[in-house]
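Chemist: Sending over run12.csv (CSV, C-alpha atoms (C1' of nucleotides) and all ligand atoms).
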chain,number,residue,atom,x,y,z
R,1,MET,CA,24.4,-12.1,21.1
R,2,ILE,CA,22.9,-9.3,19.1
R,3,ALA,CA,22.4,-9.6,15.3
R,4,PRO,CA,24.8,-7.5,13.2
R,5,VAL,CA,22.0,-5.8,11.3
R,6,ILE,CA,20.7,-4.5,14.7
R,7,GLN,CA,24.2,-3.4,15.7
R,8,ASP,CA,24.5,-1.5,12.5
R,9,SER,CA,21.1,0.1,12.8
R,10,ILE,CA,21.8,1.2,16.4
R,11,ARG,CA,25.0,2.7,15.2
R,12,VAL,CA,23.2,4.7,12.5
R,13,LEU,CA,20.7,6.0,15.1
R,14,GLN,CA,23.5,7.1,17.4
R,15,THR,CA,25.6,8.8,14.7
R,16,GLN,CA,22.6,10.6,13.4
R,17,GLY,CA,21.8,11.9,16.9
R,18,TYR,CA,18.7,9.7,17.6
R,19,LYS,CA,18.1,8.1,20.9
R,20,VAL,CA,18.4,4.3,21.2
R,21,THR,CA,15.2,3.8,23.1
R,22,LYS,CA,13.5,0.6,24.3
R,23,PRO,CA,10.7,0.8,21.8
R,24,ARG,CA,13.2,1.3,18.9
R,25,ARG,CA,15.2,-1.7,20.0
R,26,GLN,CA,12.1,-3.8,20.3
R,27,VAL,CA,10.9,-2.9,16.8
R,28,LEU,CA,14.4,-3.7,15.5
R,29,GLY,CA,14.3,-7.0,17.2
R,30,VAL,CA,10.9,-8.1,15.9
R,31,LEU,CA,11.8,-7.0,12.4
R,32,GLU,CA,15.1,-8.8,12.5
R,33,GLU,CA,13.6,-12.1,13.7
R,34,ALA,CA,10.8,-12.1,11.2
R,35,GLN,CA,11.7,-13.6,7.9
R,36,LYS,CA,8.7,-11.9,6.4
R,37,SER,CA,7.6,-8.3,6.1
R,38,LEU,CA,5.4,-7.0,8.9
R,39,SER,CA,2.8,-4.3,9.2
R,40,PRO,CA,2.9,-1.9,12.2
R,41,TYR,CA,0.0,-3.8,13.8
R,42,ASP,CA,1.8,-7.1,13.2
R,43,ILE,CA,4.7,-5.7,15.1
R,44,GLN,CA,2.4,-4.6,17.9
R,45,ARG,CA,0.7,-8.0,18.1
R,46,ILE,CA,4.0,-9.9,18.3
R,47,LEU,CA,5.3,-7.7,21.0
R,48,ARG,CA,2.0,-8.0,23.0
R,49,GLN,CA,2.3,-11.7,22.9
R,50,ARG,CA,5.6,-11.3,24.7
R,51,GLY,CA,3.9,-9.1,27.3
R,52,LYS,CA,5.4,-5.9,25.9
R,53,TYR,CA,3.0,-3.0,25.0
R,54,LEU,CA,3.8,-0.4,22.4
R,55,ASN,CA,1.3,2.2,21.2
R,56,HIS,CA,0.6,1.9,17.5
R,57,VAL,CA,1.4,5.6,17.0
R,58,THR,CA,4.9,4.9,18.4
R,59,ILE,CA,5.4,2.0,16.0
R,60,TYR,CA,4.3,4.2,13.1
R,61,ARG,CA,6.7,6.9,14.1
R,62,ILE,CA,9.6,4.4,14.5
R,63,LEU,CA,8.9,2.8,11.1
R,64,HIS,CA,8.8,6.3,9.5
R,65,LEU,CA,12.2,7.1,11.0
R,66,PHE,CA,13.7,3.7,10.0
R,67,CYS,CA,12.5,4.2,6.4
R,68,ARG,CA,13.9,7.7,6.4
R,69,LEU,CA,17.3,6.5,7.6
R,70,ASN,CA,17.1,3.5,5.2
R,71,LEU,CA,17.2,1.1,8.0
R,72,ALA,CA,14.0,-0.4,6.7
R,73,HIS,CA,11.8,-0.5,3.5
R,74,LYS,CA,8.2,-0.4,2.8
R,75,VAL,CA,7.1,-3.2,0.5
R,76,LEU,CA,4.0,-3.5,-1.6
R,77,SER,CA,3.4,-7.2,-1.8
R,78,ALA,CA,0.4,-8.7,0.0
R,79,GLY,CA,-0.5,-5.3,1.3
R,80,GLY,CA,-3.1,-2.7,0.8
R,81,PHE,CA,-4.2,-0.7,-2.2
R,82,VAL,CA,-3.3,2.9,-2.0
R,83,LYS,CA,-2.4,3.7,-5.5
R,84,CYS,CA,-3.1,2.1,-8.9
R,85,VAL,CA,-2.2,2.7,-12.5
R,86,LEU,CA,-3.3,1.3,-15.9
R,87,ASP,CA,-0.9,-1.3,-17.2
R,88,LYS,CA,0.8,-0.5,-20.5
R,89,LYS,CA,3.5,-3.1,-21.0
R,90,GLU,CA,3.2,-6.8,-20.8
R,91,GLY,CA,5.3,-9.1,-18.8
R,92,CYS,CA,7.6,-6.9,-16.9
R,93,HIS,CA,6.5,-3.8,-15.1
R,94,ARG,CA,8.9,-1.0,-14.5
R,95,PHE,CA,7.8,2.5,-13.4
R,96,LEU,CA,9.6,5.8,-13.5
R,97,ILE,CA,7.9,8.1,-11.0
R,98,CYS,CA,8.8,11.7,-10.7
R,99,ARG,CA,8.9,12.9,-7.1
R,100,CYS,CA,8.4,16.5,-8.4
R,101,CYS,CA,5.3,16.4,-10.6
R,102,GLY,CA,4.1,12.9,-9.8
R,103,THR,CA,3.9,11.7,-13.4
R,104,LEU,CA,4.5,8.1,-14.0
R,105,GLN,CA,5.7,6.3,-17.1
R,106,GLU,CA,6.1,2.6,-17.6
R,107,PHE,CA,8.8,0.9,-19.5
R,108,ALA,CA,9.8,-2.7,-20.3
R,109,ASP,CA,13.1,-4.3,-21.2
R,110,ASP,CA,13.3,-7.9,-21.9
R,111,GLU,CA,17.1,-8.3,-21.5
R,112,LEU,CA,16.9,-6.6,-18.1
R,113,CYS,CA,14.1,-8.9,-17.0
R,114,GLN,CA,15.8,-12.0,-18.1
R,115,HIS,CA,18.9,-11.0,-16.2
R,116,GLU,CA,17.0,-10.2,-13.1
R,117,LYS,CA,15.1,-13.5,-13.3
R,118,LYS,CA,18.4,-15.4,-13.8
R,119,LEU,CA,20.0,-13.8,-10.7
R,120,ALA,CA,17.0,-14.8,-8.6
R,121,GLN,CA,17.1,-18.3,-10.1
R,122,ASN,CA,20.8,-18.5,-8.9
R,123,SER,CA,19.5,-18.5,-5.3
R,124,GLY,CA,16.8,-21.1,-6.2
R,125,PHE,CA,14.0,-18.6,-6.5
R,126,HIS,CA,11.5,-19.0,-9.3
R,127,THR,CA,10.0,-15.6,-10.3
R,128,GLU,CA,6.4,-15.5,-11.4
R,129,TYR,CA,5.7,-11.7,-11.2
R,130,HIS,CA,7.9,-8.7,-11.1
R,131,LEU,CA,7.5,-5.1,-10.3
R,132,SER,CA,10.0,-2.3,-10.2
R,133,GLU,CA,9.8,1.4,-9.2
R,134,SER,CA,12.3,4.1,-9.7
R,135,LEU,CA,11.8,7.4,-8.0
R,136,GLY,CA,13.5,10.5,-9.3
R,137,ILE,CA,13.1,13.5,-11.6
R,138,CYS,CA,11.5,13.4,-15.0
R,139,SER,CA,13.0,15.2,-18.0
R,140,ASP,CA,10.4,17.9,-18.0
R,141,CYS,CA,11.0,18.8,-14.3
R,142,SER,CA,14.8,18.7,-14.6
R,143,LYS,CA,14.5,21.2,-17.5
R,144,LYS,CA,12.4,23.6,-15.5
R,145,GLN,CA,15.1,23.9,-12.9
J,1,MET,CA,-12.0,8.5,-30.2
J,2,ILE,CA,-11.3,5.9,-27.5
J,3,ALA,CA,-7.7,5.3,-26.4
J,4,PRO,CA,-6.2,2.0,-27.5
J,5,VAL,CA,-5.3,1.0,-23.9
J,6,ILE,CA,-9.0,1.2,-23.1
J,7,GLN,CA,-10.0,-0.7,-26.2
J,8,ASP,CA,-7.6,-3.5,-25.3
J,9,SER,CA,-8.9,-3.5,-21.7
J,10,ILE,CA,-12.5,-3.8,-22.8
J,11,ARG,CA,-11.5,-6.6,-25.1
J,12,VAL,CA,-9.9,-8.5,-22.2
J,13,LEU,CA,-13.0,-8.0,-20.1
J,14,GLN,CA,-15.2,-9.4,-22.8
J,15,THR,CA,-13.0,-12.4,-23.7
J,16,GLN,CA,-12.8,-13.3,-20.0
J,17,GLY,CA,-16.6,-13.2,-19.6
J,18,TYR,CA,-16.8,-10.0,-17.6
J,19,LYS,CA,-19.5,-7.4,-18.3
J,20,VAL,CA,-18.4,-4.0,-19.8
J,21,THR,CA,-20.4,-1.8,-17.4
J,22,LYS,CA,-20.6,2.0,-17.1
J,23,PRO,CA,-18.6,2.1,-13.8
J,24,ARG,CA,-15.8,-0.1,-15.4
J,25,ARG,CA,-15.6,2.2,-18.4
J,26,GLN,CA,-15.6,5.3,-16.2
J,27,VAL,CA,-12.7,3.9,-14.0
J,28,LEU,CA,-10.8,2.9,-17.2
J,29,GLY,CA,-11.3,6.4,-18.5
J,30,VAL,CA,-10.1,8.2,-15.4
J,31,LEU,CA,-7.0,6.0,-15.1
J,32,GLU,CA,-6.2,6.5,-18.7
J,33,GLU,CA,-6.3,10.3,-18.6
J,34,ALA,CA,-4.3,10.6,-15.4
J,35,GLN,CA,-0.6,10.6,-15.9
J,36,LYS,CA,-0.2,9.7,-12.3
J,37,SER,CA,-1.2,6.8,-10.1
J,38,LEU,CA,-4.6,7.3,-8.4
J,39,SER,CA,-6.1,5.9,-5.2
J,40,PRO,CA,-9.7,4.5,-5.2
J,41,TYR,CA,-10.8,7.7,-3.5
J,42,ASP,CA,-8.9,9.9,-6.0
J,43,ILE,CA,-10.9,8.2,-8.7
J,44,GLN,CA,-14.1,8.7,-6.9
J,45,ARG,CA,-13.3,12.4,-6.4
J,46,ILE,CA,-12.4,13.0,-10.1
J,47,LEU,CA,-15.7,11.4,-11.2
J,48,ARG,CA,-17.7,13.3,-8.7
J,49,GLN,CA,-16.3,16.6,-10.1
J,50,ARG,CA,-17.8,15.5,-13.4
J,51,GLY,CA,-21.2,14.9,-11.8
J,52,LYS,CA,-20.7,11.1,-11.9
J,53,TYR,CA,-21.1,9.2,-8.6
J,54,LEU,CA,-19.5,5.8,-8.0
J,55,ASN,CA,-19.6,4.1,-4.6
J,56,HIS,CA,-16.1,3.5,-3.2
J,57,VAL,CA,-16.9,-0.2,-2.7
J,58,THR,CA,-17.6,-0.4,-6.4
J,59,ILE,CA,-14.3,1.2,-7.2
J,60,TYR,CA,-12.4,-1.1,-5.0
J,61,ARG,CA,-14.1,-4.1,-6.6
J,62,ILE,CA,-13.2,-2.8,-10.1
J,63,LEU,CA,-9.6,-2.1,-9.2
J,64,HIS,CA,-9.2,-5.6,-7.7
J,65,LEU,CA,-10.6,-7.0,-10.9
J,66,PHE,CA,-8.3,-4.9,-13.1
J,67,CYS,CA,-5.3,-5.9,-11.1
J,68,ARG,CA,-6.3,-9.6,-11.2
J,69,LEU,CA,-6.6,-9.3,-15.0
J,70,ASN,CA,-3.3,-7.3,-15.2
J,71,LEU,CA,-5.1,-4.3,-16.7
J,72,ALA,CA,-3.7,-2.3,-13.8
J,73,HIS,CA,-1.0,-2.4,-11.2
J,74,LYS,CA,-0.8,-1.3,-7.6
J,75,VAL,CA,2.2,0.9,-6.9
J,76,LEU,CA,3.9,1.7,-3.7
J,77,SER,CA,5.3,5.2,-4.0
J,78,ALA,CA,3.8,8.0,-2.2
J,79,GLY,CA,1.3,5.7,-0.6
J,80,GLY,CA,0.6,4.0,2.7
J,81,PHE,CA,2.6,1.8,4.9
J,82,VAL,CA,1.2,-1.7,5.0
J,83,LYS,CA,4.3,-3.7,5.2
J,84,CYS,CA,7.9,-3.1,6.2
J,85,VAL,CA,11.2,-5.0,6.3
J,86,LEU,CA,14.6,-4.3,7.7
J,87,ASP,CA,17.1,-3.2,5.1
J,88,LYS,CA,20.0,-5.5,4.4
J,89,LYS,CA,21.7,-4.1,1.3
J,90,GLU,CA,22.8,-0.6,0.5
J,91,GLY,CA,21.9,1.3,-2.6
J,92,CYS,CA,19.7,-1.0,-4.5
J,93,HIS,CA,16.9,-2.9,-3.0
J,94,ARG,CA,15.6,-6.0,-4.6
J,95,PHE,CA,13.3,-8.4,-2.8
J,96,LEU,CA,12.4,-12.0,-3.6
J,97,ILE,CA,9.1,-12.8,-1.9
J,98,CYS,CA,7.7,-16.3,-1.7
J,99,ARG,CA,4.0,-16.3,-2.3
J,100,CYS,CA,3.9,-19.7,-0.7
J,101,CYS,CA,5.6,-19.3,2.7
J,102,GLY,CA,5.9,-15.5,2.7
J,103,THR,CA,9.6,-15.3,3.4
J,104,LEU,CA,11.5,-12.4,1.9
J,105,GLN,CA,15.2,-12.2,1.0
J,106,GLU,CA,17.0,-9.1,-0.3
J,107,PHE,CA,19.6,-9.1,-2.9
J,108,ALA,CA,21.6,-6.4,-4.7
J,109,ASP,CA,23.5,-6.4,-8.0
J,110,ASP,CA,25.4,-3.4,-9.1
J,111,GLU,CA,25.6,-4.2,-12.8
J,112,LEU,CA,21.8,-4.7,-12.9
J,113,CYS,CA,21.3,-1.4,-11.1
J,114,GLN,CA,23.6,0.5,-13.4
J,115,HIS,CA,21.8,-0.9,-16.4
J,116,GLU,CA,18.4,-0.1,-15.1
J,117,LYS,CA,19.4,3.5,-14.3
J,118,LYS,CA,20.9,3.9,-17.7
J,119,LEU,CA,17.8,2.8,-19.4
J,120,ALA,CA,15.8,5.3,-17.4
J,121,GLN,CA,18.4,8.0,-18.2
J,122,ASN,CA,17.8,7.3,-21.9
J,123,SER,CA,14.3,8.7,-21.6
J,124,GLY,CA,15.6,11.7,-19.6
J,125,PHE,CA,14.7,10.3,-16.2
J,126,HIS,CA,17.2,10.8,-13.3
J,127,THR,CA,16.8,7.9,-10.7
J,128,GLU,CA,17.3,8.7,-7.1
J,129,TYR,CA,15.8,5.7,-5.4
J,130,HIS,CA,14.9,2.3,-6.6
J,131,LEU,CA,12.9,-0.6,-5.4
J,132,SER,CA,12.2,-4.0,-7.0
J,133,GLU,CA,10.0,-6.9,-5.9
J,134,SER,CA,9.8,-10.3,-7.4
J,135,LEU,CA,7.0,-12.6,-6.4
J,136,GLY,CA,7.4,-16.3,-6.8
J,137,ILE,CA,8.4,-19.6,-5.1
J,138,CYS,CA,11.5,-19.9,-2.9
J,139,SER,CA,13.9,-22.8,-3.1
J,140,ASP,CA,12.5,-24.4,0.1
J,141,CYS,CA,8.9,-24.3,-1.0
J,142,SER,CA,9.7,-25.7,-4.5
J,143,LYS,CA,11.6,-28.6,-2.9
J,144,LYS,CA,8.6,-29.5,-0.7
J,145,GLN,CA,6.4,-29.9,-3.8
M,1,DT,C1',21.9,12.2,40.4
M,2,DG,C1',19.3,15.8,38.3
M,3,DC,C1',18.3,18.5,33.7
M,4,DT,C1',16.2,18.8,29.4
M,5,DA,C1',15.3,17.9,24.7
M,6,DA,C1',13.7,14.0,22.5
M,7,DT,C1',10.5,10.4,22.5
M,8,DT,C1',6.4,7.9,23.8
M,9,DG,C1',1.5,7.4,25.3
M,10,DC,C1',-3.1,8.8,25.1
M,11,DA,C1',-7.3,10.5,23.0
M,12,DA,C1',-9.6,11.8,19.3
M,13,DC,C1',-10.1,11.6,14.6
M,14,DA,C1',-9.4,10.8,9.5
M,15,DA,C1',-8.6,7.8,5.8
M,16,DT,C1',-8.7,3.4,3.8
M,17,DA,C1',-10.8,-1.2,3.1
M,18,DT,C1',-14.1,-5.2,3.7
M,19,DT,C1',-18.6,-7.7,4.3
M,20,DA,C1',-23.5,-9.0,3.7
M,21,DC,C1',-27.4,-8.2,1.4
M,22,DA,C1',-30.8,-5.6,-1.5
M,23,DA,C1',-31.4,-3.1,-5.9
M,24,DT,C1',-30.0,-2.6,-10.6
M,25,DT,C1',-28.3,-3.7,-15.2
M,26,DA,C1',-25.5,-5.9,-19.3
M,27,DA,C1',-25.7,-9.7,-22.1
M,28,DC,C1',-28.3,-13.2,-23.9
M,29,DC,C1',-32.5,-15.2,-25.5
M,30,DT,C1',-36.6,-15.3,-28.0
P,1,DA,C1',-37.4,-4.6,-29.3
P,2,DG,C1',-38.9,-6.7,-24.7
P,3,DG,C1',-38.1,-10.3,-21.0
P,4,DT,C1',-35.0,-13.1,-18.2
P,5,DT,C1',-31.2,-13.8,-15.2
P,6,DA,C1',-26.7,-14.0,-13.5
P,7,DA,C1',-23.4,-10.6,-12.8
P,8,DT,C1',-22.6,-6.2,-11.0
P,9,DT,C1',-23.5,-2.1,-8.2
P,10,DG,C1',-25.3,0.5,-4.1
P,11,DT,C1',-26.1,0.8,0.8
P,12,DA,C1',-25.2,0.4,5.5
P,13,DA,C1',-22.5,-1.2,8.9
P,14,DT,C1',-18.0,-2.3,10.4
P,15,DA,C1',-13.0,-3.2,10.5
P,16,DT,C1',-8.5,-1.8,9.6
P,17,DT,C1',-4.9,1.5,8.8
P,18,DG,C1',-2.8,6.0,9.6
P,19,DT,C1',-2.5,10.9,11.6
P,20,DT,C1',-2.5,14.9,14.9
P,21,DG,C1',-2.1,17.6,19.3
P,22,DC,C1',-0.7,17.6,23.7
P,23,DA,C1',0.6,15.6,28.3
P,24,DA,C1',3.7,12.2,30.5
P,25,DT,C1',8.0,9.8,30.3
P,26,DT,C1',12.9,8.8,29.4
P,27,DA,C1',17.7,8.5,27.2
P,28,DG,C1',21.7,11.0,27.1
P,29,DC,C1',24.5,14.2,29.1
P,30,DA,C1',26.6,17.4,32.7
H,201,MN,MN,2.9,-3.4,-16.5
H,202,MN,MN,17.6,-2.4,0.7
H,203,ZN,ZN,8.3,15.6,-13.2
H,204,ZN,ZN,8.6,-20.3,0.3
Show the structure stored in the file as structure tokens.
Modeler:
Amino acid sequence: MIAPVIQDSIRVLQTQGYKVTKPRRQVLGVLEEAQKSLSPYDIQRILRQRGKYLNHVTIYRILHLFCRLNLAHKVLSAGGFVKCVLDKKEGCHRFLICRCCGTLQEFADDELCQHEKKLAQNSGFHTEYHLSESLGICSDCSKKQ
Amino acid sequence: MIAPVIQDSIRVLQTQGYKVTKPRRQVLGVLEEAQKSLSPYDIQRILRQRGKYLNHVTIYRILHLFCRLNLAHKVLSAGGFVKCVLDKKEGCHRFLICRCCGTLQEFADDELCQHEKKLAQNSGFHTEYHLSESLGICSDCSKKQ
DNA sequence: TGCTAATTGCAACAATATTACAATTAACCT
DNA sequence: AGGTTAATTGTAATATTGTTGCAATTAGCA
């Protein structure tokens, strides 16, 4: 019995003309079983414990592909540093990041925050910290085009 | 003339009993001027171009402190990999991540998404991709306590 | 069952991040 | 203002994370 998420992902690979390889199925399997987010090396470790070996380069390439096809997401929490900005709003932290010029503005909206918290609360989750990122085109860049 | 964000940040450092050192002021300054998010090594490079040298270890320590005090945020975009999860919802991607057991659930809400997009649009920003992370305690973990 | 483009492995390297300990300095006290 | 000291920074060594070019392998197709 194969999980539906995996079925769907395999179908996406096929329809987009990508091969359904053993490594890709293995990474899908590990990600599906985990209830937490995994790093490339986490995935390698888990597979090795089962006697399967995948080169880390392969895992990186697979994860890049999955993210490109929206089969997976990168998440920030509990991870590395990479990028940092000064905080400008209190409480809720929403960023608008232009994929064209790279500028970043922060905005806050109490109503939005309350609503989002409430929706989480509906599934029993108590929110302590929230972060939101929107990627797109800023007003300056859209004018220039 | 010192920017108000920096003034505020310095005040936070002081009231929390942290020293206001030259490296900390320099990092604050660079972050404030930049309109984009910067990596620790970006910051080092910018300062070096001005003839100032800061060890990367120092910059990491300062950024860790700033994030702990909510003077700065880590952001995900355009950065490294670190962690990855399978996608379960289309369009909008909101994660509830338990800081206790590490489990992660995804939820989507169209109304919320539309509202957030509209608010961004009000400042001329066109959203193409959105990601949201809420850290807190899941229902299982809060029951156990 | 063979052919071939796509995918993976390997090796080398680059970038990012942490640790332990010695040197320095900001804040506090005369 | 100068001395004291705990907090902070620099240094060196190391660990972790991520990329690139090229040779070996394999999934999908005829
Ligand atoms: Mn913020
Ligand atoms: Mn999603
Ligand atoms: Zn722009
Ligand atoms: Zn939990």
Chemist: Figure out the distance between CA of Arg94 (chain J) and CA of Leu76 (chain R), please, to one decimal in Å.
Modeler: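 Computing it gives 12.2 Å between the two atoms.
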Chemist: Mind pulling up the distance from CA of Val85 (chain R) to CA of Ala3 (chain J)?
Modeler: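 Distance between the two atoms: 15.2 Å.
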Chemist: Specify as JSON, numbers by chain all residues of chain P found within 12 Å of chain R, counting only C-alpha atoms (C1' of nucleotides).
Modeler: {"P": [16, 17, 18, 19, 20, 25, 26, 27, 28]}
Chemist: Show me, as CSV, the residues of chain R having an atom within 10 Å of ligand ZN 203 (chain H), each with the closest atom pair and its distance in Å, using only C-alpha atoms and all ligand atoms.
Modeler:
residue,atom,partner,partner_atom,distance
R:Leu96,CA,H:ZN203,ZN,9.9
R:Ile97,CA,H:ZN203,ZN,7.8
R:Cys98,CA,H:ZN203,ZN,4.7
R:Arg99,CA,H:ZN203,ZN,6.7
R:Cys100,CA,H:ZN203,ZN,4.9
R:Cys101,CA,H:ZN203,ZN,4.0
R:Gly102,CA,H:ZN203,ZN,6.0
R:Thr103,CA,H:ZN203,ZN,5.9
R:Leu104,CA,H:ZN203,ZN,8.4
R:Gly136,CA,H:ZN203,ZN,8.3
R:Ile137,CA,H:ZN203,ZN,5.5
R:Cys138,CA,H:ZN203,ZN,4.3
R:Ser139,CA,H:ZN203,ZN,6.7
R:Asp140,CA,H:ZN203,ZN,5.7
R:Cys141,CA,H:ZN203,ZN,4.3
R:Ser142,CA,H:ZN203,ZN,7.3
R:Lys143,CA,H:ZN203,ZN,9.4
R:Lys144,CA,H:ZN203,ZN,9.3
Chemist: Just write the chosen residues, C-alpha atoms, as a PDB file, in the frame of the given file.
Modeler:
ATOM      1  CA  LEU R  96       9.600   5.800 -13.500  1.00  0.00           C
ATOM      2  CA  ILE R  97       7.900   8.100 -11.000  1.00  0.00           C
ATOM      3  CA  CYS R  98       8.800  11.700 -10.700  1.00  0.00           C
ATOM      4  CA  ARG R  99       8.900  12.900  -7.100  1.00  0.00           C
ATOM      5  CA  CYS R 100       8.400  16.500  -8.400  1.00  0.00           C
ATOM      6  CA  CYS R 101       5.300  16.400 -10.600  1.00  0.00           C
ATOM      7  CA  GLY R 102       4.100  12.900  -9.800  1.00  0.00           C
ATOM      8  CA  THR R 103       3.900  11.700 -13.400  1.00  0.00           C
ATOM      9  CA  LEU R 104       4.500   8.100 -14.000  1.00  0.00           C
ATOM     10  CA  GLY R 136      13.500  10.500  -9.300  1.00  0.00           C
ATOM     11  CA  ILE R 137      13.100  13.500 -11.600  1.00  0.00           C
ATOM     12  CA  CYS R 138      11.500  13.400 -15.000  1.00  0.00           C
ATOM     13  CA  SER R 139      13.000  15.200 -18.000  1.00  0.00           C
ATOM     14  CA  ASP R 140      10.400  17.900 -18.000  1.00  0.00           C
ATOM     15  CA  CYS R 141      11.000  18.800 -14.300  1.00  0.00           C
ATOM     16  CA  SER R 142      14.800  18.700 -14.600  1.00  0.00           C
ATOM     17  CA  LYS R 143      14.500  21.200 -17.500  1.00  0.00           C
ATOM     18  CA  LYS R 144      12.400  23.600 -15.500  1.00  0.00           C
TER      19      LYS R 144
END
Chemist: Please identify all residues of chain M having at least one atom at most 12 Å from any atom of chain J, considering all atoms listed in the file, and return them as a ChimeraX atom specification.
Modeler: /M:15-19,24-28
Chemist: What separation in Å, quoted to one decimal, exists between CA of Cys92 (chain J) and CA of Leu13 (chain R)?
Modeler: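 If I compute the distance from CA of Cys92 (chain J) to CA of Leu13 (chain R), I get 20.8 Å.
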Chemist: Which residue out of R:Gln14, R:Gln121, R:Ser132, R:Gln49 has the minimum interatomic distance to chain J when all atoms listed in the file are used?
Modeler: R:Ser132
Chemist: Identify every residue of chain R that has at least one atom within 6 Å of any atom of chain J, counting all atoms listed in the file, and report the result as a PDB file with C-alpha atoms, in the frame of the given file.
Modeler:
ATOM      1  CA  GLN R  35      11.700 -13.600   7.900  1.00  0.00           C
ATOM      2  CA  LYS R  36       8.700 -11.900   6.400  1.00  0.00           C
ATOM      3  CA  SER R  37       7.600  -8.300   6.100  1.00  0.00           C
ATOM      4  CA  LEU R  38       5.400  -7.000   8.900  1.00  0.00           C
ATOM      5  CA  SER R  39       2.800  -4.300   9.200  1.00  0.00           C
ATOM      6  CA  LEU R  71      17.200   1.100   8.000  1.00  0.00           C
ATOM      7  CA  ALA R  72      14.000  -0.400   6.700  1.00  0.00           C
ATOM      8  CA  HIS R  73      11.800  -0.500   3.500  1.00  0.00           C
ATOM      9  CA  LYS R  74       8.200  -0.400   2.800  1.00  0.00           C
ATOM     10  CA  VAL R  75       7.100  -3.200   0.500  1.00  0.00           C
ATOM     11  CA  LEU R  76       4.000  -3.500  -1.600  1.00  0.00           C
ATOM     12  CA  GLY R  79      -0.500  -5.300   1.300  1.00  0.00           C
ATOM     13  CA  VAL R  82      -3.300   2.900  -2.000  1.00  0.00           C
ATOM     14  CA  LYS R  83      -2.400   3.700  -5.500  1.00  0.00           C
ATOM     15  CA  CYS R  84      -3.100   2.100  -8.900  1.00  0.00           C
ATOM     16  CA  VAL R  85      -2.200   2.700 -12.500  1.00  0.00           C
ATOM     17  CA  LEU R  86      -3.300   1.300 -15.900  1.00  0.00           C
ATOM     18  CA  ASP R  87      -0.900  -1.300 -17.200  1.00  0.00           C
ATOM     19  CA  GLY R 102       4.100  12.900  -9.800  1.00  0.00           C
ATOM     20  CA  THR R 103       3.900  11.700 -13.400  1.00  0.00           C
ATOM     21  CA  LEU R 104       4.500   8.100 -14.000  1.00  0.00           C
ATOM     22  CA  GLY R 124      16.800 -21.100  -6.200  1.00  0.00           C
ATOM     23  CA  PHE R 125      14.000 -18.600  -6.500  1.00  0.00           C
ATOM     24  CA  HIS R 126      11.500 -19.000  -9.300  1.00  0.00           C
ATOM     25  CA  THR R 127      10.000 -15.600 -10.300  1.00  0.00           C
ATOM     26  CA  GLU R 128       6.400 -15.500 -11.400  1.00  0.00           C
ATOM     27  CA  TYR R 129       5.700 -11.700 -11.200  1.00  0.00           C
ATOM     28  CA  HIS R 130       7.900  -8.700 -11.100  1.00  0.00           C
ATOM     29  CA  LEU R 131       7.500  -5.100 -10.300  1.00  0.00           C
ATOM     30  CA  SER R 132      10.000  -2.300 -10.200  1.00  0.00           C
ATOM     31  CA  GLU R 133       9.800   1.400  -9.200  1.00  0.00           C
ATOM     32  CA  SER R 134      12.300   4.100  -9.700  1.00  0.00           C
ATOM     33  CA  LEU R 135      11.800   7.400  -8.000  1.00  0.00           C
ATOM     34  CA  GLY R 136      13.500  10.500  -9.300  1.00  0.00           C
ATOM     35  CA  ILE R 137      13.100  13.500 -11.600  1.00  0.00           C
ATOM     36  CA  CYS R 138      11.500  13.400 -15.000  1.00  0.00           C
ATOM     37  CA  SER R 139      13.000  15.200 -18.000  1.00  0.00           C
TER      38      SER R 139
END
Chemist: Dump as JSON, numbers by chain all residues having an atom at most 7 Å from (-21.0, -6.4, 5.7), computed in the file's coordinates with only C-alpha atoms (C1' of nucleotides).
Modeler: {"M": [19, 20], "P": [13, 14]}
Chemist: Taking only C-alpha atoms and all ligand atoms into account, name the residue in J:Glu106, J:Ile2, J:Arg45, J:Gln7 that is nearest to ligand MN 202 (chain H).
Modeler: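 Ranked by minimum distance to ligand MN 202 (chain H), first place goes to J:Glu106.
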Chemist: Atoms are missing here; could region 73-77 of chain R be completed with N, CA, C and O atoms and written as a PDB file, keeping the file's coordinate frame?
Modeler:
ATOM      1  N   HIS R  73      12.579  -0.782   4.714  1.00  0.00           N
ATOM      2  CA  HIS R  73      11.800  -0.500   3.500  1.00  0.00           C
ATOM      3  C   HIS R  73      10.369  -0.753   3.681  1.00  0.00           C
ATOM      4  O   HIS R  73      10.012  -1.706   4.339  1.00  0.00           O
ATOM      5  N   LYS R  74       9.546   0.024   2.984  1.00  0.00           N
ATOM      6  CA  LYS R  74       8.200  -0.400   2.800  1.00  0.00           C
ATOM      7  C   LYS R  74       8.167  -1.347   1.594  1.00  0.00           C
ATOM      8  O   LYS R  74       8.902  -1.168   0.636  1.00  0.00           O
ATOM      9  N   VAL R  75       7.344  -2.363   1.665  1.00  0.00           N
ATOM     10  CA  VAL R  75       7.100  -3.200   0.500  1.00  0.00           C
ATOM     11  C   VAL R  75       5.659  -3.264   0.158  1.00  0.00           C
ATOM     12  O   VAL R  75       4.804  -3.021   1.001  1.00  0.00           O
ATOM     13  N   LEU R  76       5.400  -3.598  -1.104  1.00  0.00           N
ATOM     14  CA  LEU R  76       4.000  -3.500  -1.600  1.00  0.00           C
ATOM     15  C   LEU R  76       3.277  -4.830  -1.443  1.00  0.00           C
ATOM     16  O   LEU R  76       2.096  -4.852  -1.125  1.00  0.00           O
ATOM     17  N   SER R  77       3.997  -5.940  -1.653  1.00  0.00           N
ATOM     18  CA  SER R  77       3.400  -7.200  -1.800  1.00  0.00           C
ATOM     19  C   SER R  77       2.445  -7.600  -0.668  1.00  0.00           C
ATOM     20  O   SER R  77       2.745  -7.343   0.483  1.00  0.00           O
TER      21      SER R  77
END
